[in-house]
Each structure stands twice: as C-alpha cells, then as structure tokens.
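Visitor: This is the structure I have questions about; it appears just below.
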Amino acid sequence: MFLWALFLIALTASYLSFQSFVDSGSRYFSASWGGIQWEKQVRNSAQIHRSGGMSVLVTGAAGFVGTHVSLALKKRGDGVVGLDNFNNYYDPSLKKARKSLLNSHGILVVEGDLNDAKLLAKLFDVVAFTHVMHLAAQAGVRYAMENPNSYVHSNIAGLVTLLEICKSANPQPAVVWASSSSVYGLNEKVPFSEADRTDQPASLYAATKKAGEEITHTYNHIYGLSITGLRFFTVYGPWGRPDMAYFSFTRNILQGKPITIYRGKNRVDLARDFTYIDDIVKGCLGSLDTSGKSTGSGGKKKGNAPYRIFNLGNTSPVKVPELVNILERHLKVKAKRNIVDMPGNGDVPFTHANISLAQREFGYKPTTDLQTGLKKFVRWYLSYYGYNNRKGLQ
C-alpha cells in the first residue's frame with residue numbers, strides 16, 4: 001500500500017508540472033486575492049470567538065456540505081475561511097447564493113483553485129490554521145465518464161497540493177477530509193465497515209477517493225500530519241447538489257417531466273443509505289474536535305500522529321422507489337416514472353453504513369429519517385425556486 005501511494009504521488013507530481021503550463025484556471029487568480037485589505041478580511045474571518053476554539057480552512061466552502069459545515073463552525077465561535085473555485089459542474093449561481101449566505105454570517109470565501117499552491121501558501125502565511133476541513137472535490141459517479149481529467153485535477157492533484165502546504169506549515173494543522181462510501185465499490189458484505197476491502201472501485205470517482213486514502217496515509221506516515229477521512233453516505237438536504245437523484249427528481253416532478261429510476265440485476269430496486277446534512281455536519285465537527293494534533297514541523301515528522309477513517313451514514317437504507325413515494329407526498333404531485341435497468345456507469349446497487357466506529361470515537365448518532373429530511377428539503381426547494389407563490393404548493 002505504501003509503495004502504491006508513493007507511485008500515486010509521483011504520478012500526481014508529473015501531472016502538476018504539466019498543469020503549470022495550462023491556463024485552465026488562470027481566470028480565478030488574476031486579481032481575486034492578495035493585498036492588505038484582502039489579508040485583513042481573511043484574518044477577520046478566521047478570528048476565534050470561543051475559548052478553546054479552532055481556526056479552520058474549509059475547502060469547497062461554497063459546496064453543499066462545505067456551506068453547512070462552515071455555518072456550524074462559525075455559529076459555535078470557531079474561525080472559518082472558505083476556499084472554492086466555483087466551477088460549472090452544476091449551476092454556479094447556486095454556489096454564489098451559498099457564498100452570499102456565508103458572507104452574511106461573516107465568513108469569507110476566497111475564490112481560487114485548490115491547485116494554486118501560491119494562494120494556499122499565502123492563506124497559511126496570513127492565518128496559522130489549526131485545522132483544515134477539506135471538502136473540495138470533483139463529485140459525481142457518472143460525470144467521470146464525460147470528464148475524467150477533472151477528477152484527477154481536483155481529487156488527486158488538488159489533494160496533494162493541499163497536503164504539501166499542510167506538511168510544510170508551522171504549526172501543522174490537523175486535516176479532516178471527505179472520502180466517500182463509493183470506495184466500497186463492488187463489495188457485497190453489508191453493512192459496510194471501515195475494515196472491509198476497498199480495492200474494487202466501480203467508478204473513476206471511487207478510484208480517486210481510494211487513491212486519496214492511500215495518499216493521506218502516506219503524508220501521515222512520513223510527515224506526521226493528523227489525518228481523518230470521512231466516508232459520506234448519500235448526503236441530502238437543503239442547499240443540496242442538483243445532480244443528486246432526490247434533487248433532480250424534485251425538479252422534474254414539479255415540471256411534469258418523467259424521472260428515470262434505475263433497478264439492479266433481476267429487477268431488484270436500488271437502495272441508498274440516505275444521510276441528512278445536519279447529521280453529516282455533526283460527524284464533521286465531531287471529527288474535527290477529536291482529530292488530535294499533527295506532530296511534524298516544517299515538513300519533518302517528530303512523532304506518530306492519528307490516522308483515522310470513519311463511515312458517516314444513517315444506517316437505514318431506503319429503496320429509491322420509496323424515496324420517490326415520499327417526494328410525491330410532500331410535493332402533492334405524482335411522478336411520471338420511467339423504470340430502466342441500471343447501465344454500467346459506475347453506480348452500485350446499494351449502500352449501507354456501519355457507524356459503530358464513529359459512535360465509539362466521538363458519539364456520532366444520526367437523528368433524521370428520510371421522511372423528515374425530505375420534508376425539510378422540499379420546503380427549502382419550494383422557497384428557493386419560488387414555488388411557494390404558486391397555487392397548490394404552499
């Protein structure tokens with residue numbers, strides 16, 4: 001495993017060298033950061049307002065999970081600085097709206113790419129971050145078949161760039177980052193446990209997240225970085241991602257368009273361990289609070305540091321047709337269902353989390369069932385997209 005991780009790092013370094021000649025992200029960097037006023041904004045956003053608090057760099061802060069985690073940290077008095085590149089994988093206007101929400105709570109979101117080492121170094125020069133909550137990633141299983149390079153750019157190269165900055169920082173921050181339940185791939189043992197095999201990825205997305213686990217282990221081993229990886233299970237809720245099934249189902253049902261429901265082999269319904277965003281946030285904060293300290297300084301390890309991986313799920317898988325039933329009840333609209341066999345696009349037939357390790361380590365306990373969580377999502381969706389003023393959708 002160690003040699004494989006070193007190979008991945010070497011491969012990524014080659015990729016980063018090539019990327020230095022590419023102009024694909026330059027529009028973000030020209031005048032979006034730097035200067036005395038900008039540094040003052042960063043420091044103000046990172047200011048801690050509670051005893052024993054932390055200053056956290058949240059990557060992917062304008063994303064779904066990033067927004068909720070940033071708000072929760074700020075609410076309890078921690079310092080938060082966000083980073084996001086606002087790419088167009090889905091409608092950037094939703095990310096901009098999340099950014100406005102964060103700004104209204106005193107959270108600065110810096111616009112920049114994770115692979116911009118100069119920007120990352122400057123942020124660490126301005127603020128001695130105690131923790132990094134790394135949520136930036138190229139998400140989505142099926143999109144990997146259209147744009148595979150974006151997964152290498154964000155999920156591998158971006159991760160290495162961030163870890164390089166973290167290991168050289170003095171003091172080193174503790175790092176908590178988002179892996180994925182997708183790493184379990186073709187594993188058929190349920191529920192999925194952290195000790196289960198993860199060497200059979202079913203998608204490129206899953207493969208990059210698995211590579212991330214190997215790479216972070218290497219940085220923990222060599223440089224003494226405290227690392228916690230979180231395997232999220234199908235996160236949903238307000239301010240969610242439009243590419244997720246529950247979100248696109250809601251949109252199409254309201255627009256009177258058919259929805260496509262996949263089924264597995266032998267016409268078995270697909271099932272997911274849907275986990276409400278507030279429960280995921282509790283797991284993220286619990287991981288940060290128990291992360292322990294990195295032991296290195298200036299890139300040199302001085303002792304062993306924690307390396308942990310946790311499942312964060314709901315432990316109650318629900319079949320996708322039942323998800324649609326719940327949406328129909330909340331929307332008061334019947335769905336036009338188109339049921340087809342699952343294509344070979346990287347999806348898996350089911351997910352189911354064993355969360356006993358997270359329960360034992362930091363008291364993780366999900367409390368929101370799918371019925372309740374979808375009701376909250378639908379309420380947000382109708383309000384955000386202006387349906388509340390339309391007849392029958394009060």
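Just so we're on the same page: first chain in the structure tokens is A, next is B, and so on; residues restart at 1 for each chain, and ligands are numbered from 1 in the order they show up.
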With DSSP run on the backbone, what are the alpha helix (DSSP H) residues within segment 203-233 of chain A? I'd like them as a list in words.
Guide: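 Reading the DSSP output for segment 203-233 of chain A, alpha helix (DSSP H) covers Leu204, Tyr205, Ala206, Ala207, Thr208, Lys209, Lys210, Ala211, Gly212, Glu213, Glu214, Ile215, Thr216, His217, Thr218, Tyr219, Asn220, His221, Ile222 and Tyr223 of chain A.
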Visitor: Please produce a file of those selected residues containing N, CA and C atoms, as a compact mmCIF listing (two decimals), in the first residue's frame.
Guide:
# COMPACT_ATOMS: atom_id res chain seq x y z
N LEU A 204 -14.49 5.79 -11.63
CA LEU A 204 -13.27 6.58 -11.51
C LEU A 204 -13.34 7.48 -10.29
N TYR A 205 -14.52 8.01 -10.01
CA TYR A 205 -14.69 8.83 -8.80
C TYR A 205 -14.27 8.03 -7.57
N ALA A 206 -14.77 6.81 -7.45
CA ALA A 206 -14.41 5.97 -6.32
C ALA A 206 -12.91 5.70 -6.28
N ALA A 207 -12.33 5.47 -7.45
CA ALA A 207 -10.89 5.20 -7.52
C ALA A 207 -10.07 6.39 -7.03
N THR A 208 -10.50 7.62 -7.37
CA THR A 208 -9.75 8.79 -6.92
C THR A 208 -9.90 8.98 -5.42
N LYS A 209 -11.06 8.64 -4.87
CA LYS A 209 -11.23 8.75 -3.41
C LYS A 209 -10.41 7.69 -2.68
N LYS A 210 -10.35 6.50 -3.25
CA LYS A 210 -9.50 5.46 -2.68
C LYS A 210 -8.03 5.87 -2.75
N ALA A 211 -7.64 6.45 -3.88
CA ALA A 211 -6.27 6.96 -4.00
C ALA A 211 -6.00 8.02 -2.95
N GLY A 212 -7.01 8.84 -2.67
CA GLY A 212 -6.86 9.86 -1.64
C GLY A 212 -6.58 9.27 -0.28
N GLU A 213 -7.23 8.15 0.02
CA GLU A 213 -6.98 7.50 1.31
C GLU A 213 -5.56 6.98 1.39
N GLU A 214 -5.05 6.45 0.30
CA GLU A 214 -3.67 5.96 0.27
C GLU A 214 -2.68 7.12 0.41
N ILE A 215 -2.96 8.21 -0.31
CA ILE A 215 -2.06 9.37 -0.29
C ILE A 215 -2.03 10.01 1.10
N THR A 216 -3.21 10.19 1.70
CA THR A 216 -3.23 10.81 3.04
C THR A 216 -2.51 9.94 4.06
N HIS A 217 -2.62 8.62 3.91
CA HIS A 217 -1.89 7.73 4.81
C HIS A 217 -0.39 7.96 4.70
N THR A 218 0.07 8.17 3.48
CA THR A 218 1.49 8.42 3.27
C THR A 218 1.95 9.70 3.95
N TYR A 219 1.16 10.76 3.82
CA TYR A 219 1.52 12.03 4.46
C TYR A 219 1.46 11.94 5.97
N ASN A 220 0.56 11.14 6.47
CA ASN A 220 0.52 10.89 7.91
C ASN A 220 1.79 10.14 8.35
N HIS A 221 2.17 9.13 7.60
CA HIS A 221 3.30 8.27 7.96
C HIS A 221 4.63 9.01 7.85
N ILE A 222 4.81 9.79 6.79
CA ILE A 222 6.10 10.44 6.55
C ILE A 222 6.24 11.76 7.29
N TYR A 223 5.16 12.54 7.30
CA TYR A 223 5.28 13.93 7.78
C TYR A 223 4.58 14.19 9.11
Visitor: Using DSSP on the backbone coordinates, identify the residues of segment 150-340 of chain A assigned to strand (DSSP E or B); present them as a PyMOL selection string.
Guide: chain A and resi 174-178+192+227-232+235-236+258-263+269+271-272+275-276+297+300+307-312+318-319+336-340
Visitor: Can you write out the residues you just picked, keeping N, CA, C and O atoms, as a short mmCIF file (atom, residue, chain, number, x, y, z; two decimals), in the first residue's frame?
Guide:
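Saved to again-v7.cif:
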data_model
loop_
_atom_site.label_atom_id
_atom_site.label_comp_id
_atom_site.auth_asym_id
_atom_site.auth_seq_id
_atom_site.Cartn_x
_atom_site.Cartn_y
_atom_site.Cartn_z
N ALA A 174 -4.30 19.93 11.75
CA ALA A 174 -4.93 18.62 11.62
C ALA A 174 -5.84 18.67 10.40
O ALA A 174 -6.49 19.69 10.15
N VAL A 175 -5.89 17.59 9.65
CA VAL A 175 -6.65 17.56 8.40
C VAL A 175 -7.79 16.56 8.51
O VAL A 175 -7.58 15.38 8.82
N VAL A 176 -9.01 17.04 8.26
CA VAL A 176 -10.18 16.17 8.12
C VAL A 176 -10.67 16.34 6.70
O VAL A 176 -10.82 17.48 6.22
N TRP A 177 -10.93 15.23 6.01
CA TRP A 177 -11.28 15.37 4.59
C TRP A 177 -12.38 14.38 4.20
O TRP A 177 -12.61 13.38 4.88
N ALA A 178 -13.04 14.70 3.11
CA ALA A 178 -14.16 13.89 2.63
C ALA A 178 -13.69 12.82 1.67
O ALA A 178 -13.30 13.12 0.53
N PHE A 192 -21.51 -1.86 5.30
CA PHE A 192 -20.11 -1.57 5.00
C PHE A 192 -19.39 -1.09 6.26
O PHE A 192 -19.85 -0.16 6.92
N ILE A 227 -4.58 12.96 10.26
CA ILE A 227 -5.50 12.79 9.12
C ILE A 227 -6.74 12.02 9.56
O ILE A 227 -6.64 10.95 10.17
N THR A 228 -7.90 12.56 9.22
CA THR A 228 -9.16 11.84 9.40
C THR A 228 -9.92 11.86 8.09
O THR A 228 -10.23 12.94 7.56
N GLY A 229 -10.23 10.69 7.56
CA GLY A 229 -11.02 10.57 6.34
C GLY A 229 -12.45 10.19 6.67
O GLY A 229 -12.68 9.31 7.51
N LEU A 230 -13.40 10.84 6.03
CA LEU A 230 -14.82 10.59 6.28
C LEU A 230 -15.49 10.03 5.03
O LEU A 230 -15.49 10.68 3.98
N ARG A 231 -16.04 8.84 5.17
CA ARG A 231 -16.75 8.22 4.06
C ARG A 231 -18.23 8.57 4.17
O ARG A 231 -18.99 7.95 4.91
N PHE A 232 -18.64 9.59 3.41
CA PHE A 232 -20.02 10.05 3.43
C PHE A 232 -20.93 9.07 2.67
O PHE A 232 -20.55 8.55 1.62
N VAL A 235 -25.46 12.04 0.91
CA VAL A 235 -25.89 13.19 1.71
C VAL A 235 -26.99 13.96 0.95
O VAL A 235 -26.89 14.17 -0.25
N TYR A 236 -28.02 14.39 1.68
CA TYR A 236 -29.11 15.14 1.06
C TYR A 236 -29.58 16.23 2.02
O TYR A 236 -29.29 16.20 3.22
N PRO A 258 -40.83 13.27 -16.90
CA PRO A 258 -40.60 11.92 -16.35
C PRO A 258 -39.28 11.84 -15.60
O PRO A 258 -38.33 12.59 -15.87
N ILE A 259 -39.22 10.95 -14.63
CA ILE A 259 -37.98 10.69 -13.91
C ILE A 259 -37.53 9.27 -14.24
O ILE A 259 -38.36 8.37 -14.44
N THR A 260 -36.23 9.07 -14.30
CA THR A 260 -35.67 7.74 -14.59
C THR A 260 -35.24 7.08 -13.29
O THR A 260 -34.42 7.63 -12.56
N ILE A 261 -35.81 5.92 -13.03
CA ILE A 261 -35.46 5.16 -11.82
C ILE A 261 -34.76 3.89 -12.26
O ILE A 261 -35.32 3.07 -13.00
N TYR A 262 -33.52 3.73 -11.82
CA TYR A 262 -32.76 2.55 -12.20
C TYR A 262 -33.05 1.39 -11.25
O TYR A 262 -33.36 1.58 -10.07
N ARG A 263 -32.93 0.19 -11.78
CA ARG A 263 -33.04 -1.01 -10.96
C ARG A 263 -31.86 -1.92 -11.28
O ARG A 263 -31.28 -1.88 -12.38
N ASP A 269 -34.69 -3.38 -6.77
CA ASP A 269 -34.64 -1.93 -6.59
C ASP A 269 -33.31 -1.50 -5.97
O ASP A 269 -32.80 -2.17 -5.05
N ALA A 271 -30.97 0.73 -3.55
CA ALA A 271 -31.18 1.27 -2.21
C ALA A 271 -29.97 2.09 -1.79
O ALA A 271 -28.83 1.75 -2.13
N ARG A 272 -30.23 3.17 -1.06
CA ARG A 272 -29.17 4.05 -0.60
C ARG A 272 -29.34 4.35 0.89
O ARG A 272 -30.45 4.46 1.39
N THR A 275 -28.40 10.10 4.05
CA THR A 275 -27.98 10.72 5.31
C THR A 275 -28.22 12.22 5.25
O THR A 275 -27.70 12.91 4.37
N TYR A 276 -29.01 12.72 6.20
CA TYR A 276 -29.39 14.13 6.20
C TYR A 276 -28.19 15.00 6.53
O TYR A 276 -27.33 14.64 7.35
N SER A 297 6.79 19.48 11.94
CA SER A 297 7.09 20.90 11.95
C SER A 297 7.99 21.20 10.76
O SER A 297 9.05 20.57 10.62
N LYS A 300 8.96 18.09 8.79
CA LYS A 300 9.69 16.99 9.43
C LYS A 300 8.85 16.39 10.55
O LYS A 300 8.37 17.08 11.43
N TYR A 307 -4.24 8.66 12.50
CA TYR A 307 -4.76 8.42 11.15
C TYR A 307 -6.05 7.63 11.30
O TYR A 307 -6.02 6.50 11.81
N ARG A 308 -7.17 8.22 10.89
CA ARG A 308 -8.46 7.60 11.14
C ARG A 308 -9.34 7.68 9.90
O ARG A 308 -9.23 8.60 9.09
N ILE A 309 -10.23 6.70 9.78
CA ILE A 309 -11.26 6.69 8.73
C ILE A 309 -12.58 6.31 9.38
O ILE A 309 -12.65 5.34 10.14
N PHE A 310 -13.63 7.08 9.07
CA PHE A 310 -14.95 6.82 9.64
C PHE A 310 -16.03 6.80 8.56
O PHE A 310 -15.99 7.62 7.63
N ASN A 311 -16.98 5.91 8.73
CA ASN A 311 -18.22 5.98 7.97
C ASN A 311 -19.14 7.01 8.61
O ASN A 311 -19.29 7.03 9.84
N LEU A 312 -19.77 7.85 7.80
CA LEU A 312 -20.82 8.73 8.28
C LEU A 312 -22.06 8.46 7.44
O LEU A 312 -22.16 8.91 6.29
N VAL A 318 -32.82 3.00 2.19
CA VAL A 318 -34.18 3.13 1.66
C VAL A 318 -34.12 2.89 0.16
O VAL A 318 -33.24 3.41 -0.53
N LYS A 319 -35.08 2.13 -0.36
CA LYS A 319 -35.13 1.87 -1.79
C LYS A 319 -35.53 3.14 -2.53
O LYS A 319 -36.35 3.93 -2.05
N LYS A 336 -43.99 10.88 -12.93
CA LYS A 336 -44.06 10.06 -14.14
C LYS A 336 -42.81 9.20 -14.17
O LYS A 336 -41.72 9.68 -14.49
N ARG A 337 -42.96 7.94 -13.80
CA ARG A 337 -41.81 7.07 -13.59
C ARG A 337 -41.42 6.30 -14.85
O ARG A 337 -42.26 5.69 -15.49
N ASN A 338 -40.13 6.34 -15.13
CA ASN A 338 -39.56 5.55 -16.22
C ASN A 338 -38.53 4.62 -15.60
O ASN A 338 -37.44 5.06 -15.22
N ILE A 339 -38.88 3.35 -15.46
CA ILE A 339 -38.01 2.39 -14.77
C ILE A 339 -37.18 1.63 -15.79
O ILE A 339 -37.72 1.02 -16.72
N VAL A 340 -35.86 1.69 -15.64
CA VAL A 340 -34.95 1.05 -16.58
C VAL A 340 -33.87 0.30 -15.81
O VAL A 340 -33.62 0.56 -14.63
#
Visitor: Quick one: contact table of segment 205-324 of chain A to segment 122-141 of chain A, 9 Å max, nearest atom pair and distance in Å to one decimal per residue, counting only C-alpha atoms, chain and number order, as CSV?
Guide:
residue,atom,partner,partner_atom,distance
A:Tyr205,CA,A:Val141,CA,5.6
A:Ala206,CA,A:Val141,CA,7.6
A:Asp243,CA,A:Gly140,CA,7.6
A:Met244,CA,A:Gly140,CA,8.3
A:Cys284,CA,A:Met133,CA,8.3
A:Leu288,CA,A:His131,CA,7.4
A:Ser291,CA,A:His131,CA,8.9
A:Lys293,CA,A:Thr130,CA,8.8
Visitor: If you keep all heavy atoms, can you produce a file of those selected residues as a PDB file, in the first residue's frame?
Guide:
ATOM      1  N   TYR A 205     -14.518   8.012 -10.008  1.00  0.00           N
ATOM      2  CA  TYR A 205     -14.690   8.829  -8.801  1.00  0.00           C
ATOM      3  C   TYR A 205     -14.269   8.034  -7.572  1.00  0.00           C
ATOM      4  O   TYR A 205     -13.497   8.523  -6.738  1.00  0.00           O
ATOM      5  CB  TYR A 205     -16.146   9.270  -8.681  1.00  0.00           C
ATOM      6  CG  TYR A 205     -16.483   9.895  -7.340  1.00  0.00           C
ATOM      7  CD1 TYR A 205     -15.978  11.141  -6.988  1.00  0.00           C
ATOM      8  CD2 TYR A 205     -17.299   9.231  -6.425  1.00  0.00           C
ATOM      9  CE1 TYR A 205     -16.273  11.714  -5.756  1.00  0.00           C
ATOM     10  CE2 TYR A 205     -17.598   9.793  -5.191  1.00  0.00           C
ATOM     11  CZ  TYR A 205     -17.089  11.035  -4.865  1.00  0.00           C
ATOM     12  OH  TYR A 205     -17.379  11.591  -3.647  1.00  0.00           O
ATOM     13  N   ALA A 206     -14.766   6.812  -7.454  1.00  0.00           N
ATOM     14  CA  ALA A 206     -14.411   5.969  -6.316  1.00  0.00           C
ATOM     15  C   ALA A 206     -12.911   5.701  -6.280  1.00  0.00           C
ATOM     16  O   ALA A 206     -12.288   5.709  -5.209  1.00  0.00           O
ATOM     17  CB  ALA A 206     -15.184   4.657  -6.385  1.00  0.00           C
ATOM     18  N   ASP A 243     -27.268  17.644  -9.072  1.00  0.00           N
ATOM     19  CA  ASP A 243     -27.031  16.399  -9.805  1.00  0.00           C
ATOM     20  C   ASP A 243     -27.471  15.164  -9.024  1.00  0.00           C
ATOM     21  O   ASP A 243     -27.493  14.059  -9.578  1.00  0.00           O
ATOM     22  CB  ASP A 243     -25.549  16.269 -10.170  1.00  0.00           C
ATOM     23  CG  ASP A 243     -24.653  16.185  -8.937  1.00  0.00           C
ATOM     24  OD1 ASP A 243     -24.832  17.020  -8.026  1.00  0.00           O
ATOM     25  OD2 ASP A 243     -23.781  15.291  -8.879  1.00  0.00           O
ATOM     26  N   MET A 244     -27.824  15.331  -7.767  1.00  0.00           N
ATOM     27  CA  MET A 244     -28.259  14.198  -6.954  1.00  0.00           C
ATOM     28  C   MET A 244     -29.692  13.805  -7.313  1.00  0.00           C
ATOM     29  O   MET A 244     -30.510  14.654  -7.662  1.00  0.00           O
ATOM     30  CB  MET A 244     -28.151  14.532  -5.473  1.00  0.00           C
ATOM     31  CG  MET A 244     -26.734  14.816  -5.006  1.00  0.00           C
ATOM     32  SD  MET A 244     -25.688  13.340  -5.033  1.00  0.00           S
ATOM     33  CE  MET A 244     -26.302  12.465  -3.595  1.00  0.00           C
ATOM     34  N   CYS A 284     -18.801  15.735  10.986  1.00  0.00           N
ATOM     35  CA  CYS A 284     -17.634  16.541  10.611  1.00  0.00           C
ATOM     36  C   CYS A 284     -17.076  17.284  11.813  1.00  0.00           C
ATOM     37  O   CYS A 284     -15.861  17.299  12.045  1.00  0.00           O
ATOM     38  CB  CYS A 284     -18.016  17.524   9.504  1.00  0.00           C
ATOM     39  SG  CYS A 284     -18.339  16.775   7.898  1.00  0.00           S
ATOM     40  N   LEU A 288     -13.433  16.865  13.727  1.00  0.00           N
ATOM     41  CA  LEU A 288     -12.509  17.976  13.976  1.00  0.00           C
ATOM     42  C   LEU A 288     -12.151  18.065  15.460  1.00  0.00           C
ATOM     43  O   LEU A 288     -10.984  18.242  15.827  1.00  0.00           O
ATOM     44  CB  LEU A 288     -13.142  19.287  13.522  1.00  0.00           C
ATOM     45  CG  LEU A 288     -13.225  19.536  12.014  1.00  0.00           C
ATOM     46  CD1 LEU A 288     -14.154  20.716  11.719  1.00  0.00           C
ATOM     47  CD2 LEU A 288     -11.845  19.799  11.422  1.00  0.00           C
ATOM     48  N   SER A 291      -9.672  15.244  16.459  1.00  0.00           N
ATOM     49  CA  SER A 291      -8.650  14.923  15.453  1.00  0.00           C
ATOM     50  C   SER A 291      -7.260  14.743  16.035  1.00  0.00           C
ATOM     51  O   SER A 291      -6.400  14.111  15.416  1.00  0.00           O
ATOM     52  CB  SER A 291      -8.608  16.024  14.385  1.00  0.00           C
ATOM     53  OG  SER A 291      -8.272  17.267  14.971  1.00  0.00           O
ATOM     54  N   LYS A 293      -3.501  16.195  17.347  1.00  0.00           N
ATOM     55  CA  LYS A 293      -2.565  17.149  16.761  1.00  0.00           C
ATOM     56  C   LYS A 293      -1.611  16.486  15.778  1.00  0.00           C
ATOM     57  O   LYS A 293      -1.228  15.328  15.951  1.00  0.00           O
ATOM     58  CB  LYS A 293      -1.754  17.835  17.866  1.00  0.00           C
ATOM     59  CG  LYS A 293      -2.580  18.732  18.780  1.00  0.00           C
ATOM     60  CD  LYS A 293      -1.690  19.458  19.770  1.00  0.00           C
ATOM     61  CE  LYS A 293      -2.513  20.376  20.665  1.00  0.00           C
ATOM     62  NZ  LYS A 293      -3.124  21.476  19.895  1.00  0.00           N
TER      63      LYS A 293
END
Visitor: Give me the residues near segment 48-50 of chain A as a list in words, where near means some atom within 10 Å (using only C-alpha atoms) and where sequence neighbours in that chain fewer than 2 positions away do not count.
Guide: Arg43, Asn44, Ser45, Ala46, Gly52, Gly53, Met54, Ser55, Val56, Lys74, Lys75, Arg76, Gly77, Asp78, Gly79 and Val80 of chain A
Visitor: What is the atom CA of Asn85 of chain A to atom CA of Pro238 of chain A distance in Å?
Guide: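 Here the two named atoms are 21.1 Å from each other.
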Visitor: What's the 10 Å shell around segment 93-102 of chain A, counting only C-alpha atoms, without same-chain residues fewer than 2 positions away, as a ChimeraX atom specification?
Guide: /A:60-64,66-68,70-71,74,82,84-88,90-91,104-110,239-242,384
Visitor: Write a file of the just-selected residues containing N, CA, C and O atoms, as a compact mmCIF listing (two decimals), in the first residue's frame.
Guide:
# COMPACT_ATOMS: atom_id res chain seq x y z
N GLY A 60 -13.83 23.91 -0.62
CA GLY A 60 -15.16 23.58 -1.13
C GLY A 60 -16.25 24.22 -0.30
O GLY A 60 -17.35 23.68 -0.15
N ALA A 61 -15.96 25.40 0.25
CA ALA A 61 -16.86 26.03 1.21
C ALA A 61 -18.19 26.45 0.60
O ALA A 61 -19.20 26.55 1.31
N ALA A 62 -18.22 26.72 -0.71
CA ALA A 62 -19.47 27.09 -1.36
C ALA A 62 -20.22 25.88 -1.89
O ALA A 62 -21.24 26.01 -2.56
N GLY A 63 -19.71 24.69 -1.58
CA GLY A 63 -20.40 23.46 -1.94
C GLY A 63 -21.48 23.13 -0.92
O GLY A 63 -21.67 23.85 0.07
N PHE A 64 -22.18 22.06 -1.15
CA PHE A 64 -23.30 21.65 -0.30
C PHE A 64 -22.85 21.42 1.14
O PHE A 64 -23.27 22.13 2.08
N GLY A 66 -19.84 21.84 2.43
CA GLY A 66 -18.96 22.91 2.88
C GLY A 66 -19.71 24.09 3.47
O GLY A 66 -19.29 24.66 4.49
N THR A 67 -20.81 24.46 2.85
CA THR A 67 -21.61 25.57 3.36
C THR A 67 -22.16 25.27 4.74
O THR A 67 -22.06 26.08 5.67
N HIS A 68 -22.75 24.10 4.90
CA HIS A 68 -23.35 23.74 6.19
C HIS A 68 -22.31 23.60 7.29
O HIS A 68 -22.54 24.02 8.43
N SER A 70 -19.34 25.10 7.40
CA SER A 70 -18.82 26.43 7.69
C SER A 70 -19.76 27.20 8.61
O SER A 70 -19.32 27.84 9.58
N LEU A 71 -21.06 27.14 8.33
CA LEU A 71 -22.04 27.83 9.17
C LEU A 71 -22.05 27.27 10.59
O LEU A 71 -22.13 28.03 11.57
N LYS A 74 -18.90 28.46 12.46
CA LYS A 74 -18.99 29.88 12.80
C LYS A 74 -19.99 30.10 13.93
O LYS A 74 -19.75 30.92 14.84
N GLY A 82 -13.16 30.21 3.93
CA GLY A 82 -13.54 29.27 2.89
C GLY A 82 -12.71 29.43 1.63
O GLY A 82 -12.16 30.51 1.36
N ASP A 84 -13.07 28.16 -2.60
CA ASP A 84 -13.88 27.46 -3.60
C ASP A 84 -13.55 28.01 -4.99
O ASP A 84 -13.29 29.20 -5.14
N ASN A 85 -13.55 27.14 -5.99
CA ASN A 85 -13.24 27.61 -7.35
C ASN A 85 -14.49 27.89 -8.18
O ASN A 85 -14.40 28.32 -9.33
N PHE A 86 -15.68 27.63 -7.62
CA PHE A 86 -16.95 27.95 -8.28
C PHE A 86 -17.00 27.41 -9.71
O PHE A 86 -17.40 28.11 -10.64
N ASN A 87 -16.60 26.15 -9.88
CA ASN A 87 -16.64 25.58 -11.23
C ASN A 87 -18.08 25.36 -11.69
O ASN A 87 -19.04 25.53 -10.94
N ASN A 88 -18.24 24.98 -12.94
CA ASN A 88 -19.57 24.88 -13.52
C ASN A 88 -20.06 23.45 -13.66
O ASN A 88 -20.86 23.13 -14.55
N TYR A 90 -22.12 22.03 -11.77
CA TYR A 90 -23.55 22.35 -11.76
C TYR A 90 -23.69 23.86 -11.65
O TYR A 90 -22.69 24.58 -11.49
N ASP A 91 -24.89 24.36 -11.76
CA ASP A 91 -25.19 25.78 -11.83
C ASP A 91 -24.41 26.60 -10.81
O ASP A 91 -24.67 26.51 -9.60
N SER A 104 -23.06 36.62 4.76
CA SER A 104 -23.98 37.26 5.70
C SER A 104 -23.73 36.83 7.14
O SER A 104 -24.19 37.49 8.07
N HIS A 105 -23.00 35.73 7.32
CA HIS A 105 -22.64 35.26 8.66
C HIS A 105 -21.17 35.55 8.98
O HIS A 105 -20.62 34.97 9.92
N GLY A 106 -20.56 36.42 8.19
CA GLY A 106 -19.20 36.83 8.48
C GLY A 106 -18.13 35.86 8.04
O GLY A 106 -17.02 35.88 8.56
N ILE A 107 -18.45 35.00 7.07
CA ILE A 107 -17.48 34.01 6.58
C ILE A 107 -16.99 34.41 5.20
O ILE A 107 -17.79 34.55 4.26
N LEU A 108 -15.71 34.61 5.08
CA LEU A 108 -15.10 34.94 3.79
C LEU A 108 -14.86 33.67 2.98
O LEU A 108 -14.30 32.70 3.50
N VAL A 109 -15.28 33.69 1.72
CA VAL A 109 -14.98 32.59 0.81
C VAL A 109 -14.05 33.13 -0.27
O VAL A 109 -14.44 33.97 -1.09
N VAL A 110 -12.82 32.66 -0.27
CA VAL A 110 -11.83 33.07 -1.26
C VAL A 110 -12.06 32.29 -2.54
O VAL A 110 -12.22 31.07 -2.51
N TRP A 239 -30.07 23.24 0.21
CA TRP A 239 -28.86 23.74 -0.45
C TRP A 239 -28.05 22.61 -1.09
O TRP A 239 -26.85 22.73 -1.31
N GLY A 240 -28.71 21.49 -1.41
CA GLY A 240 -28.02 20.32 -1.93
C GLY A 240 -27.53 20.48 -3.37
O GLY A 240 -27.66 21.54 -4.00
N ARG A 241 -26.98 19.38 -3.89
CA ARG A 241 -26.43 19.36 -5.25
C ARG A 241 -27.49 18.98 -6.26
O ARG A 241 -28.14 17.95 -6.12
N PRO A 242 -27.65 19.78 -7.33
CA PRO A 242 -28.69 19.49 -8.33
C PRO A 242 -28.48 18.20 -9.10
O PRO A 242 -29.42 17.71 -9.73
N TYR A 384 -36.71 28.42 -2.36
CA TYR A 384 -35.56 28.91 -3.13
C TYR A 384 -35.92 29.16 -4.59
O TYR A 384 -35.51 30.16 -5.19
Visitor: Using only C-alpha atoms, which of the listed residues (A:Ser287, A:Ser294, A:Asn314, A:Ser180) sits closest to Glu361 of chain A?
Guide: A:Ser287
Visitor: Figure out the distance between atom CA of Ser181 of chain A and atom CA of Leu323 of chain A, please, to one decimal in Å.
Guide: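 Rounded to one decimal, the two atoms are 19.3 Å apart.
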Visitor: A:Ser226, A:Thr59, A:Thr368, A:Thr161: which is nearest Thr290 of chain A, counting only C-alpha atoms?
Guide: A:Ser226
Visitor: I need the residue nearest Lys375 of chain A from this list: A:Gly112, A:Gly224, A:Gly237, A:Gly34. Use only C-alpha atoms for the distance.
Guide: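 Selected residue with least distance to Lys375 of chain A: A:Gly237.
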Visitor: Restricting the calculation to only C-alpha atoms, which member of A:Glu39, A:Leu83, A:Ile165, A:Gln47 is positioned closest to Lys118 of chain A?
Guide: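 Closest candidate: A:Ile165.
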Visitor: Just how far from atom CA of Ala358 of chain A is atom CA of Thr198 of chain A, in Å to one decimal?
Guide: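 We find that atom CA of Thr198 of chain A and atom CA of Ala358 of chain A lie 18.5 Å from each other.
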